[in-house]
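J.: Please read through the structure below; I'll follow up with questions.
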Amino acid sequence: KEVDHVAVQGFIGIAKGMYEILWERGFIDPNVEKYAIDGIKDPNTGQLLKETSLKHLIQQLPDFENEKTLLHYHGEKLGCIVFNSPRCTPEVAGEGIEYDWGVSKLWYRTQDIKLKKKKTEFRKLVLRAVGNEVLSLRM
């Protein structure tokens, strides 16, 4: 049987990775065998080579260097100031976002399962969990 129309998988709607962006802009050296997110270890010294680090190379691009994170972007839209703490160190985050997430999750888990079944009710419940009703500014 002959098929009239065959869809070919393309790249429409698929995000580019760091390697593709750097390749298009001429930052990938074809003479270098391998690149990695954090770089390749030098067999002699054991140190990561910055010239093989995709993260290091992409940070050198001016449009990525000045790009805000989604958290910063949405925080600014809400009129907030967002301070970053180091990754994987919630103990230095203080009583900020870690505490708020914990309170929201605890409150959400105590709610009746019936409220979580329908999409509209679920959304309302999540908005309540992160809203002023559960998270207050009172000290």
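Just remember, in the structure tokens the first chain shown is A, the second B, etc., residues are 1-based per chain, and ligands are 1-based in the order shown.
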Which residues come within 10 Å of stretch 127-133 of chain A, counting only C-alpha atoms, excluding same-chain residues fewer than 6 positions away, as a PyMOL selection string?

T.: chain A and resi 100-101+103-109+111+121

J.: For the contact check between stretch 37-106 of chain A and stretch 14-26 of chain A, emit one row per residue of stretch 37-106 of chain A within 9 Å, containing the shortest atom pair and the distance in Å rounded to one decimal, counting only C-alpha atoms, chain then rising number order, as JSON lines.

T.:
{"residue": "A:Ile37", "atom": "CA", "partner": "A:Met18", "partner_atom": "CA", "distance": 8.5}
{"residue": "A:Leu54", "atom": "CA", "partner": "A:Met18", "partner_atom": "CA", "distance": 6.4}
{"residue": "A:Lys55", "atom": "CA", "partner": "A:Met18", "partner_atom": "CA", "distance": 7.7}
{"residue": "A:Leu57", "atom": "CA", "partner": "A:Leu22", "partner_atom": "CA", "distance": 7.7}
{"residue": "A:Ile58", "atom": "CA", "partner": "A:Leu22", "partner_atom": "CA", "distance": 6.8}

J.: Atoms to include: N, CA and C atoms. Write the selected residues as a compact mmCIF listing (two decimals), in the first residue's frame.

T.:
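Okay, this is what ended up in out20.txt:
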# COMPACT_ATOMS: atom_id res chain seq x y z
N ILE A 37 29.54 18.77 29.91
CA ILE A 37 28.90 19.90 30.61
C ILE A 37 29.93 20.64 31.46
N LEU A 54 31.19 22.84 28.26
CA LEU A 54 30.10 23.54 27.58
C LEU A 54 29.56 24.66 28.46
N LYS A 55 29.47 24.40 29.76
CA LYS A 55 28.96 25.40 30.69
C LYS A 55 29.85 26.64 30.69
N LEU A 57 31.98 27.61 28.31
CA LEU A 57 31.94 28.28 27.01
C LEU A 57 30.66 29.09 26.82
N ILE A 58 29.52 28.54 27.23
CA ILE A 58 28.26 29.25 27.02
C ILE A 58 28.13 30.46 27.95

J.: Could you work out how far atom CA of A:Asp42 lies from atom CA of A:Pro30, giving the answer in Å with one decimal?

T.: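 Rounded to one decimal, the two atoms are 18.4 Å apart.
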